[in-house]
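**Student:** Structure: coords-v1.txt, compact mmCIF, C-alpha atoms.
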# COMPACT_ATOMS: atom_id res chain seq x y z
CA MET A 99 93.92 79.03 92.96
CA THR A 100 94.73 78.96 89.27
CA VAL A 101 92.84 76.54 87.04
CA SER A 102 95.11 73.93 85.51
CA PRO A 103 96.08 74.48 81.86
CA GLU A 104 95.23 70.79 81.36
CA HIS A 105 91.55 71.68 81.78
CA VAL A 106 91.54 74.35 79.06
CA ASP A 107 89.65 72.72 76.21
CA SER A 108 87.50 75.54 74.90
CA ARG A 109 87.47 79.28 74.36
CA GLU A 110 85.37 79.71 77.49
CA ALA A 111 87.80 77.61 79.52
CA LEU A 112 90.69 79.72 78.22
CA ALA A 113 88.90 82.90 79.33
CA ALA A 114 88.29 81.34 82.76
CA PHE A 115 91.95 80.34 82.95
CA VAL A 116 93.11 83.87 82.15
CA ARG A 117 90.73 85.24 84.80
CA SER A 118 92.12 82.77 87.34
CA LEU A 119 95.61 84.06 86.57
CA GLN A 120 94.35 87.60 87.08
CA ARG A 121 92.86 86.64 90.47
CA SER A 122 96.05 84.86 91.45
CA ARG A 123 98.10 87.97 90.65
CA ALA A 124 95.67 90.22 92.54
CA GLU A 125 95.54 87.97 95.60
CA ASP A 126 99.23 87.05 95.87
CA GLY A 127 101.35 88.82 93.29
CA SER A 128 104.41 88.40 95.49
CA SER A 129 104.43 84.70 94.60
CA TRP A 130 104.81 85.53 90.91
CA GLU A 131 108.33 85.60 89.54
CA ASN A 132 107.17 87.91 86.72
CA ALA A 133 104.54 90.09 88.39
CA ASP A 134 104.89 93.21 86.23
CA LEU A 135 103.77 93.35 82.60
CA PRO A 136 107.21 93.76 80.95
CA SER A 137 108.63 90.80 82.89
CA PHE A 138 105.51 88.73 82.24
CA LEU A 139 105.59 89.37 78.49
CA GLU A 140 109.33 88.65 78.29
CA ALA A 141 108.85 85.39 80.18
CA LEU A 142 105.90 84.50 77.94
CA ALA A 143 108.00 85.01 74.81
CA ALA A 144 110.91 83.05 76.30
CA TRP A 145 108.65 80.16 77.28
CA VAL A 146 107.05 80.04 73.82
CA ASP A 147 110.57 79.92 72.32
CA ASP A 148 111.53 77.08 74.66
CA ALA A 149 108.18 75.24 74.79
CA ASP A 150 109.53 72.22 72.95
CA GLY A 151 112.00 71.73 75.80
CA TRP A 152 109.26 71.91 78.44
CA TYR A 153 107.12 69.43 76.53
CA GLY A 154 110.09 67.11 76.00
CA ASN A 155 111.01 67.23 79.71
CA ALA A 156 107.39 66.43 80.56
CA GLY A 157 107.42 63.46 78.18
CA ARG A 158 104.94 65.11 75.83
CA GLU A 159 104.93 66.33 72.25
CA LEU A 160 104.54 70.02 71.46
CA PRO A 161 101.07 70.40 69.91
CA VAL A 162 101.47 71.22 66.24
CA SER A 163 97.80 71.95 65.72
CA GLY A 164 97.56 74.84 68.20
CA ASP A 165 95.80 77.91 66.87
CA TRP A 166 98.73 80.26 67.25
CA THR A 167 96.98 83.00 65.29
CA PHE A 168 94.05 83.02 67.72
CA PHE A 169 96.36 83.42 70.68
CA ALA A 170 98.38 86.15 68.93
CA ARG A 171 95.19 88.03 68.05
CA ALA A 172 93.97 87.74 71.64
CA LEU A 173 97.23 89.17 72.98
CA GLN A 174 97.19 92.03 70.50
CA ALA A 175 93.51 92.78 71.10
CA ALA A 176 94.14 93.01 74.83
CA THR A 177 96.29 96.10 74.18
CA ILE A 178 93.21 98.10 73.16
CA TYR A 179 90.06 96.12 74.05
CA GLU A 180 87.93 97.53 76.85
Give the structure from the file, written as structure tokens.

**Tutor:**
Amino acid sequence: MTVSPEHVDSREALAAFVRSLQRSRAEDGSSWENADLPSFLEALAAWVDDADGWYGNAGRELPVSGDWTFFARALQAATIYE
């Protein structure tokens, strides 16, 4: 079971969340709409582009104080980090 994004409130919680996604994919990848890396990354980019719509539909405001640079660095680092 994937940890809820609502419970991600620290760097450690984010790492645990990513690991829960990894376990979810390993255990039941067939339930993922975007199970391969190219599809996943395309969907990630599309969702980031449209995030204000998701937040609006959920009755929430898009966080303006998110550390976008941290997330971008993490994604880039994952291309080479062992």

**Student:** Compile the contact shell of Asp134 of chain A as a PyMOL selection string: residues with an atom at most 12 Å away, counting only C-alpha atoms, same-chain residues fewer than 6 positions apart removed.

**Tutor:** chain A and resi 120+123-124+127-128+140-141

**Student:** Write out as JSON, numbers by chain which residues come within 12 Å of Leu119 of chain A when counting only C-alpha atoms, dropping same-chain ones fewer than 3 positions away.

**Tutor:** {"A": [99, 100, 101, 102, 103, 112, 113, 114, 115, 116, 122, 123, 124, 125, 126, 127, 129, 130, 133, 138]}

**Student:** Export C-alpha atoms of the chosen residues as a PDB file, in the coordinates of the input?

**Tutor:**
ATOM      1  CA  MET A  99      93.920  79.030  92.960  1.00  0.00           C
ATOM      2  CA  THR A 100      94.730  78.960  89.270  1.00  0.00           C
ATOM      3  CA  VAL A 101      92.840  76.540  87.040  1.00  0.00           C
ATOM      4  CA  SER A 102      95.110  73.930  85.510  1.00  0.00           C
ATOM      5  CA  PRO A 103      96.080  74.480  81.860  1.00  0.00           C
ATOM      6  CA  LEU A 112      90.690  79.720  78.220  1.00  0.00           C
ATOM      7  CA  ALA A 113      88.900  82.900  79.330  1.00  0.00           C
ATOM      8  CA  ALA A 114      88.290  81.340  82.760  1.00  0.00           C
ATOM      9  CA  PHE A 115      91.950  80.340  82.950  1.00  0.00           C
ATOM     10  CA  VAL A 116      93.110  83.870  82.150  1.00  0.00           C
ATOM     11  CA  SER A 122      96.050  84.860  91.450  1.00  0.00           C
ATOM     12  CA  ARG A 123      98.100  87.970  90.650  1.00  0.00           C
ATOM     13  CA  ALA A 124      95.670  90.220  92.540  1.00  0.00           C
ATOM     14  CA  GLU A 125      95.540  87.970  95.600  1.00  0.00           C
ATOM     15  CA  ASP A 126      99.230  87.050  95.870  1.00  0.00           C
ATOM     16  CA  GLY A 127     101.350  88.820  93.290  1.00  0.00           C
ATOM     17  CA  SER A 129     104.430  84.700  94.600  1.00  0.00           C
ATOM     18  CA  TRP A 130     104.810  85.530  90.910  1.00  0.00           C
ATOM     19  CA  ALA A 133     104.540  90.090  88.390  1.00  0.00           C
ATOM     20  CA  PHE A 138     105.510  88.730  82.240  1.00  0.00           C
TER      21      PHE A 138
END

**Student:** Kindly give the distance, in Å, that separates atom CA of Arg158 of chain A and atom CA of Ala170 of chain A, rounded to a single decimal.

**Tutor:**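 Computing the Euclidean distance for atom CA of Arg158 of chain A and atom CA of Ala170 of chain A yields 23.1 Å.
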
**Student:** Between atom CA of Gly164 of chain A and atom CA of Glu104 of chain A, what is the distance, to one decimal in Å?

**Tutor:** 14.0 Å

**Student:** Could you list, as number ranges by chain, every residue within 12 Å of Phe168 of chain A, counting all atoms listed in the file and ignoring same-chain residues fewer than 5 positions away?

**Tutor:** A: 109, 112, 163, 173-175

**Student:** Quick one: axis-aligned box around all listed atoms of segment 127-134 of chain A, 3 Å on every side, centre and edge lengths in Å to one decimal, written as lines of an AutoDock Vina configuration file.

**Tutor:**
center_x = 104.8
center_y = 89.0
center_z = 90.9
size_x = 13.0
size_y = 14.5
size_z = 15.3

**Student:** Atom CA of Asp147 of chain A and atom CA of Ala176 of chain A are how many Å apart?

**Tutor:** 21.2 Å
